[in-house]
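Colleague: Contents of query.cif (mmCIF, C-alpha atoms):
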data_start
#
loop_
_atom_site.label_atom_id
_atom_site.label_comp_id
_atom_site.auth_asym_id
_atom_site.auth_seq_id
_atom_site.Cartn_x
_atom_site.Cartn_y
_atom_site.Cartn_z
CA MET A 299 -33.50 14.76 -16.30
CA LYS A 300 -31.03 17.63 -16.64
CA PHE A 301 -30.90 17.91 -12.82
CA ILE A 302 -29.92 14.23 -12.49
CA LYS A 303 -27.39 14.53 -15.32
CA ASN A 304 -25.70 17.53 -13.69
CA HIS A 305 -25.36 15.71 -10.39
CA LEU A 306 -24.10 12.53 -12.05
CA MET A 307 -21.44 14.59 -13.84
CA PHE A 308 -20.15 15.54 -10.38
CA ILE A 309 -20.78 12.27 -8.50
CA LEU A 310 -19.17 9.92 -11.06
CA PRO A 311 -15.76 11.68 -11.24
CA LEU A 312 -15.79 12.03 -7.46
CA MET A 313 -16.54 8.32 -7.15
CA ALA A 314 -13.64 7.58 -9.50
CA ILE A 315 -11.29 9.39 -7.10
CA LEU A 316 -12.81 7.68 -4.05
CA LEU A 317 -12.57 4.27 -5.74
CA GLY A 318 -8.91 4.99 -6.46
CA ILE A 319 -8.33 5.94 -2.82
CA GLU A 320 -10.08 2.81 -1.56
CA PHE A 321 -8.23 0.61 -4.05
CA TYR A 322 -4.98 2.07 -2.72
CA LEU A 323 -6.02 1.39 0.90
CA VAL A 324 -7.02 -2.18 0.07
CA PHE A 325 -3.89 -2.78 -1.99
CA ASP A 326 -1.68 -1.36 0.75
CA ARG A 327 -3.27 -3.62 3.39
CA THR A 328 -3.18 -6.77 1.25
CA THR A 329 0.40 -6.13 0.09
CA ASN A 330 1.46 -5.61 3.71
CA SER A 331 0.02 -9.05 4.43
CA TYR A 332 1.78 -10.44 1.34
CA GLU A 333 5.07 -8.79 2.31
CA LYS A 334 4.74 -10.30 5.78
CA GLY A 335 4.38 -13.74 4.21
CA LEU A 336 7.40 -13.16 1.98
CA LYS A 337 9.42 -11.92 4.95
CA GLU A 338 8.48 -14.91 7.10
CA GLY A 339 9.16 -17.34 4.26
CA TYR A 340 12.58 -15.93 3.45
CA SER A 341 15.86 -16.69 5.18
CA MET A 342 19.51 -16.45 4.21
CA LEU A 343 22.10 -19.11 4.92
CA VAL A 344 25.08 -18.06 7.04
CA VAL A 345 28.13 -20.27 7.58
CA THR A 346 30.34 -19.49 10.58
CA ASN A 347 33.59 -20.83 12.01
CA LYS A 348 32.31 -20.75 15.58
CA PRO A 349 28.82 -20.67 17.14
CA MET A 350 27.16 -17.24 17.16
CA GLU A 351 24.36 -15.86 19.31
CA LEU A 352 21.38 -13.95 17.91
CA SER A 353 22.56 -10.79 19.69
CA VAL A 354 25.81 -10.91 17.70
CA PHE A 355 23.91 -11.20 14.41
CA LYS A 356 21.67 -8.26 15.39
CA ALA A 357 24.71 -6.19 16.29
CA LEU A 358 26.02 -6.68 12.75
CA ASN A 359 22.76 -5.51 11.14
CA ARG A 360 19.55 -4.22 12.76
CA HIS A 361 17.25 -5.91 10.20
CA ILE A 362 18.18 -9.41 11.40
CA SER A 363 15.31 -10.68 13.55
CA ASN A 364 16.13 -14.34 14.17
CA ALA A 365 18.86 -16.92 13.67
CA GLN A 366 18.03 -20.60 13.70
CA LYS A 367 20.94 -22.97 14.08
CA ILE A 368 20.94 -25.93 11.67
CA LYS A 369 21.82 -29.18 13.39
CA ARG A 370 25.12 -30.39 12.02
CA GLU A 371 24.35 -33.97 13.08
CA SER A 372 21.64 -34.23 10.43
CA ILE A 373 24.12 -33.04 7.80
CA VAL A 374 26.73 -35.56 8.90
CA SER A 375 24.19 -38.40 8.87
CA GLU A 376 23.50 -37.67 5.20
CA ILE A 377 27.10 -37.37 4.01
CA ALA A 378 28.67 -40.04 6.22
CA LYS A 379 26.45 -43.05 5.57
CA GLY A 380 28.40 -46.26 5.98
CA VAL A 381 31.28 -44.45 7.68
CA SER A 382 32.48 -45.51 11.12
CA LYS A 383 31.37 -43.66 14.23
CA SER A 384 34.82 -42.22 14.85
CA SER A 385 35.01 -40.92 11.29
CA SER A 386 31.58 -39.33 11.69
CA LYS A 387 32.83 -37.51 14.77
CA GLU A 388 35.85 -36.24 12.84
CA ILE A 389 33.59 -35.00 10.04
CA LEU A 390 31.33 -33.32 12.58
CA ALA A 391 34.29 -31.60 14.25
CA SER A 392 35.58 -30.29 10.92
CA LEU A 393 32.24 -28.90 9.81
CA PRO A 394 31.50 -25.17 10.23
CA TYR A 395 28.24 -23.94 11.81
CA PHE A 396 25.15 -23.21 9.73
CA TYR A 397 22.34 -20.72 10.47
CA ASN A 398 19.07 -19.77 8.81
CA VAL A 399 18.87 -16.02 9.38
CA GLY A 400 15.51 -14.22 9.11
CA LEU A 401 14.77 -10.52 8.59
CA ASP A 402 12.36 -8.13 10.27
CA SER A 403 10.95 -6.71 7.00
CA TYR A 404 10.76 -7.26 3.25
CA LEU A 405 13.80 -5.35 2.01
CA SER A 406 14.96 -4.17 -1.37
CA THR A 407 17.81 -5.99 -3.10
CA SER A 408 20.18 -3.18 -2.11
CA GLY A 409 19.12 -3.65 1.52
CA LEU A 410 19.74 -7.37 1.18
CA ASN A 411 23.22 -6.74 -0.24
CA LYS A 412 23.94 -4.38 2.66
CA ILE A 413 23.12 -7.15 5.15
CA LYS A 414 25.34 -9.57 3.27
CA ALA A 415 28.23 -7.08 3.30
CA ASP A 416 27.79 -6.41 7.03
CA LEU A 417 27.81 -10.12 7.83
CA GLU A 418 30.79 -10.92 5.63
CA ALA A 419 32.75 -8.17 7.36
CA ASP A 420 32.80 -10.33 10.50
CA LYS A 421 35.87 -12.60 10.57
CA ASN A 422 33.90 -15.44 12.17
CA ILE A 423 31.55 -15.66 9.17
CA LYS A 424 32.82 -17.76 6.28
CA LYS A 425 29.99 -17.40 3.76
CA VAL A 426 26.58 -15.76 3.32
CA GLU A 427 24.07 -17.06 0.78
CA THR A 428 21.18 -14.67 0.15
CA PHE A 429 19.59 -16.56 -2.80
CA GLY A 430 19.60 -13.13 -4.43
CA SER A 431 18.53 -14.16 -7.93
CA SER A 432 15.07 -15.45 -7.00
CA TYR A 433 14.63 -12.77 -4.32
CA SER A 434 15.54 -9.97 -6.72
CA SER A 435 13.15 -11.09 -9.47
CA SER A 436 10.17 -11.38 -7.11
CA TYR A 437 10.98 -8.06 -5.42
CA ARG A 438 11.26 -6.19 -8.74
CA LEU A 439 7.99 -7.65 -10.01
CA PHE A 440 6.26 -6.76 -6.75
CA SER A 441 7.66 -3.20 -6.78
CA PHE A 442 6.66 -2.71 -10.43
CA ILE A 443 3.06 -3.74 -9.72
CA LYS A 444 2.87 -1.33 -6.76
CA PHE A 445 4.35 1.54 -8.80
CA THR A 446 2.05 0.93 -11.77
CA LEU A 447 -1.09 0.87 -9.63
CA LYS A 448 -0.11 4.06 -7.77
CA LEU A 449 0.67 5.83 -11.06
CA PHE A 450 -2.69 4.81 -12.53
CA ILE A 451 -4.58 5.97 -9.42
CA VAL A 452 -2.82 9.36 -9.46
CA PHE A 453 -3.52 9.83 -13.18
CA MET A 454 -7.19 8.86 -12.76
CA GLY A 455 -7.47 11.19 -9.76
CA VAL A 456 -6.07 14.20 -11.64
CA VAL A 457 -8.37 13.66 -14.64
CA SER A 458 -11.41 13.20 -12.38
CA LEU A 459 -10.55 16.35 -10.41
CA PHE A 460 -10.54 18.40 -13.62
CA LEU A 461 -13.99 17.00 -14.50
CA ILE A 462 -15.26 17.93 -11.02
CA ILE A 463 -13.95 21.49 -11.36
CA LYS A 464 -15.54 21.79 -14.80
CA GLN A 465 -18.91 20.72 -13.38
CA MET A 466 -18.46 23.17 -10.52
CA GLU A 467 -18.02 25.97 -13.07
CA ILE A 468 -21.32 24.96 -14.67
CA TRP A 469 -23.01 25.18 -11.27
CA LYS A 470 -21.43 28.59 -10.67
CA TYR A 471 -22.97 29.97 -13.84
CA ALA A 472 -26.30 28.32 -13.03
CA HIS A 473 -26.41 30.22 -9.71
CA LYS A 474 -24.81 33.37 -11.14
CA GLU A 475 -27.72 35.73 -10.47
CA ARG A 476 -28.12 34.68 -6.84
CA MET A 477 -24.39 35.08 -6.23
CA GLN A 478 -24.40 38.48 -7.95
CA VAL A 479 -27.15 39.78 -5.66
CA MET A 480 -25.27 38.54 -2.57
CA GLU A 481 -22.08 40.19 -3.81
CA ILE A 482 -23.89 43.50 -4.34
CA PHE A 483 -25.08 43.43 -0.74
CA GLY A 484 -21.54 42.82 0.45
CA ALA A 485 -21.83 39.13 1.33
CA PRO A 486 -18.42 37.57 2.04
CA LEU A 487 -16.95 35.05 -0.36
CA MET A 488 -17.71 32.08 1.91
CA LEU A 489 -21.39 33.04 2.10
CA ARG A 490 -21.67 33.65 -1.65
CA SER A 491 -20.16 30.23 -2.30
CA GLY A 492 -22.54 28.57 0.15
CA VAL A 493 -24.91 27.38 -2.58
CA LEU A 494 -22.03 25.59 -4.33
CA PHE A 495 -20.88 24.03 -1.08
CA LYS A 496 -24.42 22.89 -0.27
CA VAL A 497 -24.89 21.04 -3.55
CA ALA A 498 -21.34 19.64 -3.66
CA ILE A 499 -21.35 18.40 -0.06
CA ALA A 500 -24.63 16.55 -0.65
CA ASP A 501 -23.10 14.86 -3.68
CA ALA A 502 -19.95 14.09 -1.66
CA PHE A 503 -22.04 12.13 0.85
CA ILE A 504 -23.81 10.27 -1.99
CA ALA A 505 -20.49 9.41 -3.68
CA THR A 506 -19.05 8.18 -0.37
CA LEU A 507 -22.09 5.97 0.31
CA LEU A 508 -22.05 4.51 -3.21
CA THR A 509 -18.31 3.80 -3.06
CA SER A 510 -18.67 2.17 0.36
CA ALA A 511 -21.59 0.08 -0.90
CA ILE A 512 -19.49 -1.21 -3.81
CA PHE A 513 -16.68 -2.35 -1.56
CA LEU A 514 -19.06 -3.82 1.01
CA TYR A 515 -20.56 -5.91 -1.79
CA VAL A 516 -17.08 -6.95 -2.94
CA LYS A 517 -16.14 -7.91 0.62
CA PHE A 518 -19.21 -9.85 1.71
CA GLN A 519 -20.54 -11.21 -1.59
CA TRP A 520 -18.08 -11.29 -4.46
CA ALA A 521 -14.86 -12.08 -2.56
CA ALA A 522 -16.48 -14.82 -0.45
CA ASN A 523 -17.71 -16.63 -3.57
CA SER A 524 -14.94 -15.71 -6.01
CA GLY A 525 -12.79 -18.78 -5.41
CA ILE A 526 -9.71 -16.52 -5.59
CA ASP A 527 -7.39 -17.45 -2.72
CA VAL A 528 -5.93 -13.95 -2.31
CA MET A 529 -9.41 -12.44 -1.99
CA MET A 530 -10.72 -15.09 0.36
CA GLU A 531 -7.65 -15.05 2.61
CA ASN A 532 -7.68 -11.24 2.87
CA GLN A 533 -11.45 -10.71 2.96
CA GLU A 534 -11.28 -8.62 6.14
CA GLU A 535 -8.80 -6.25 4.49
CA LEU A 536 -11.11 -5.42 1.56
CA PHE A 537 -13.10 -2.84 3.51
CA ARG A 538 -13.09 -1.43 7.03
CA LEU A 539 -15.54 0.89 8.74
CA SER A 540 -12.70 3.39 9.22
CA ASP A 541 -12.47 3.60 5.42
CA ILE A 542 -15.83 5.42 5.35
CA ALA A 543 -14.35 8.27 7.40
CA ILE A 544 -11.30 8.40 5.11
CA LEU A 545 -13.47 8.46 1.97
CA LEU A 546 -15.81 11.12 3.34
CA SER A 547 -12.92 13.31 4.50
CA SER A 548 -11.30 12.96 1.07
CA ALA A 549 -14.57 13.79 -0.71
CA LEU A 550 -15.11 16.92 1.41
CA LEU A 551 -11.52 18.03 0.83
CA ILE A 552 -12.00 17.62 -2.93
CA VAL A 553 -15.22 19.66 -2.70
CA VAL A 554 -13.41 22.50 -0.91
CA ILE A 555 -10.60 22.47 -3.49
CA ALA A 556 -13.06 22.42 -6.40
CA VAL A 557 -15.26 25.23 -5.04
CA TYR A 558 -12.41 27.58 -4.22
CA SER A 559 -10.56 26.86 -7.45
CA VAL A 560 -13.68 27.96 -9.34
CA VAL A 561 -14.51 30.92 -7.09
CA PHE A 562 -10.96 32.32 -7.13
CA SER A 563 -10.55 31.73 -10.88
CA SER A 564 -12.19 35.11 -11.46
CA LYS A 565 -12.65 38.24 -9.41
CA GLY A 566 -16.19 37.97 -8.23
CA VAL A 567 -19.05 36.70 -10.36
CA GLU A 568 -19.25 37.66 -13.99
CA GLU A 569 -21.78 40.32 -14.83
#
Here is the file; what I need is its structure written in the form of structure tokens.
Modeller:
Amino acid sequence: MKFIKNHLMFILPLMAILLGIEFYLVFDRTTNSYEKGLKEGYSMLVVTNKPMELSVFKALNRHISNAQKIKRESIVSEIAKGVSKSSSKEILASLPYFYNVGLDSYLSTSGLNKIKADLEADKNIKKVETFGSSYSSSYRLFSFIKFTLKLFIVFMGVVSLFLIIKQMEIWKYAHKERMQVMEIFGAPLMLRSGVLFKVAIADAFIATLLTSAIFLYVKFQWAANSGIDVMMENQEELFRLSDIAILLSSALLIVVIAVYSVVFSSKGVEE
């Protein structure tokens, strides 16, 4: 029972770190998809004195990806109902040109203001409407959620790492006599620490497999039947086979850090 407890005291904190890493990977992929949707759904209104080509818009700011001209005839048909044909033509001739301008990425509000300033610097552009109020509120909320999650993951990772190091110290004292004998016979540090690496690496594989199993269950069972649109639409982003390599590499790196932090914390093994 003590054997299982000792290993659980190492595996559980390590799993907490791996879960945090995988949550970050999943969140990053799903937010990229969400940002893409926000980017594609957003456009600013630009009013010009004369027609403008897309290349001219791009020359003003590199983040402009497309410019769709709004048909002025449809605007005239709405505002000139019951007006003679000649009057409609006069209204059409006096109207400026309207464009829905799209961006190549989901920018911060300062980036949006920079685009507006660059466009308004052109003499041919009369007005730029960025709909900044609604854009700013959604961007700030989105940024706050991302920052909060990252901060929580970092905090959880630091606490878990300290627990792992503490358990590694317990293992060091448990194997103290064996390590002392190896040190007496001149065994190098790497060889003396081999017993710690052996146990920790085995637990790293177990923690990686358990973490992967949790997210595989979430992907193929829970998400598919959750009824949550975000989960169902981004089911493929919840776990990838490449994530196993990332988790295992992270677990092994944590093992190396934990072992050497314990080994180098004192000169040799205590007598």
Colleague: Can you turn the PyMOL selection byres ((chain A and resi 341-343) around 12) into a concrete residue list for this file, as a count of residues only?
Modeller: 43
Colleague: Pull the neighbourhood of (-12.9, 6.2, -6.3) for me: all residues within 10 Å in file coordinates, counting all atoms listed in the file, as JSON, numbers by chain.
Modeller: {"A": [310, 311, 312, 313, 314, 315, 316, 317, 318, 319, 320, 321, 322, 451, 454, 455, 458, 505, 506, 508, 509, 510, 545, 549]}
Colleague: Which of these, A:Ala498, A:Val560, A:Leu536, A:Leu358, has the shortest distance to A:Val324 once you count all atoms listed in the file?
Modeller: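 Ranked by minimum distance to A:Val324, first place goes to A:Leu536.
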Colleague: Counting all atoms listed in the file, figure out which residue out of A:Leu551, A:Val354, A:Leu507, A:Leu494 gets nearest to A:Asp416.
Modeller: A:Val354
Colleague: If I take atom CA of A:Val561 and atom CA of A:Ile504, how far is one from the other in Å, to one decimal?
Modeller: 23.2 Å
Colleague: Apply the PyMOL selection byres ((chain A and resi 550) around 10) to the file shown and report the selected residues as a PDB file with C-alpha atoms, in the frame of the given file.
Modeller:
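Contents of selection.pdb, freshly written:
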ATOM      1  CA  PHE A 495     -20.880  24.030  -1.080  1.00  0.00           C
ATOM      2  CA  ALA A 498     -21.340  19.640  -3.660  1.00  0.00           C
ATOM      3  CA  ILE A 499     -21.350  18.400  -0.060  1.00  0.00           C
ATOM      4  CA  ALA A 500     -24.630  16.550  -0.650  1.00  0.00           C
ATOM      5  CA  ASP A 501     -23.100  14.860  -3.680  1.00  0.00           C
ATOM      6  CA  ALA A 502     -19.950  14.090  -1.660  1.00  0.00           C
ATOM      7  CA  PHE A 503     -22.040  12.130   0.850  1.00  0.00           C
ATOM      8  CA  THR A 506     -19.050   8.180  -0.370  1.00  0.00           C
ATOM      9  CA  LEU A 545     -13.470   8.460   1.970  1.00  0.00           C
ATOM     10  CA  LEU A 546     -15.810  11.120   3.340  1.00  0.00           C
ATOM     11  CA  SER A 547     -12.920  13.310   4.500  1.00  0.00           C
ATOM     12  CA  SER A 548     -11.300  12.960   1.070  1.00  0.00           C
ATOM     13  CA  ALA A 549     -14.570  13.790  -0.710  1.00  0.00           C
ATOM     14  CA  LEU A 551     -11.520  18.030   0.830  1.00  0.00           C
ATOM     15  CA  ILE A 552     -12.000  17.620  -2.930  1.00  0.00           C
ATOM     16  CA  VAL A 553     -15.220  19.660  -2.700  1.00  0.00           C
ATOM     17  CA  VAL A 554     -13.410  22.500  -0.910  1.00  0.00           C
ATOM     18  CA  ILE A 555     -10.600  22.470  -3.490  1.00  0.00           C
ATOM     19  CA  ALA A 556     -13.060  22.420  -6.400  1.00  0.00           C
TER      20      ALA A 556
END
Colleague: Can you measure atom CA of A:Phe445 to atom CA of A:Lys334 for me? One decimal in Å is fine.
Modeller: 18.8 Å
Colleague: I'd like the interatomic distance between atom CA of A:Leu539 and atom CA of A:Phe308, to a tenth of an Å.
Modeller: 24.5 Å
Colleague: For A:Phe440, which of A:Ser406, A:Tyr515, A:Val456, A:Met307 is the closest residue, counting all atoms listed in the file?
Modeller: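 Once distances to A:Phe440 are computed over all atoms listed in the file, the minimum belongs to A:Ser406.
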Colleague: Using the chain letters and numbering of this document, enumerate as an MDAnalysis selection string the residues selected by the PyMOL selection byres ((chain A and resi 533) around 8).
Modeller: chainID A and resid 517:518 521:522 529:532 534:536
Colleague: Would you save the residues of that selection, restricted to C-alpha atoms, as a PDB file, in the coordinates of the input?
Modeller:
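Heads up, here's the output in part-v1.pdb:
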ATOM      1  CA  LYS A 517     -16.140  -7.910   0.620  1.00  0.00           C
ATOM      2  CA  PHE A 518     -19.210  -9.850   1.710  1.00  0.00           C
ATOM      3  CA  ALA A 521     -14.860 -12.080  -2.560  1.00  0.00           C
ATOM      4  CA  ALA A 522     -16.480 -14.820  -0.450  1.00  0.00           C
ATOM      5  CA  MET A 529      -9.410 -12.440  -1.990  1.00  0.00           C
ATOM      6  CA  MET A 530     -10.720 -15.090   0.360  1.00  0.00           C
ATOM      7  CA  GLU A 531      -7.650 -15.050   2.610  1.00  0.00           C
ATOM      8  CA  ASN A 532      -7.680 -11.240   2.870  1.00  0.00           C
ATOM      9  CA  GLU A 534     -11.280  -8.620   6.140  1.00  0.00           C
ATOM     10  CA  GLU A 535      -8.800  -6.250   4.490  1.00  0.00           C
ATOM     11  CA  LEU A 536     -11.110  -5.420   1.560  1.00  0.00           C
TER      12      LEU A 536
END
Colleague: Calculated over only C-alpha atoms, which of the candidates A:Gln519, A:Ser408, A:Thr446, A:Gln465 has the smallest distance to A:Ser559?
Modeller: A:Gln465
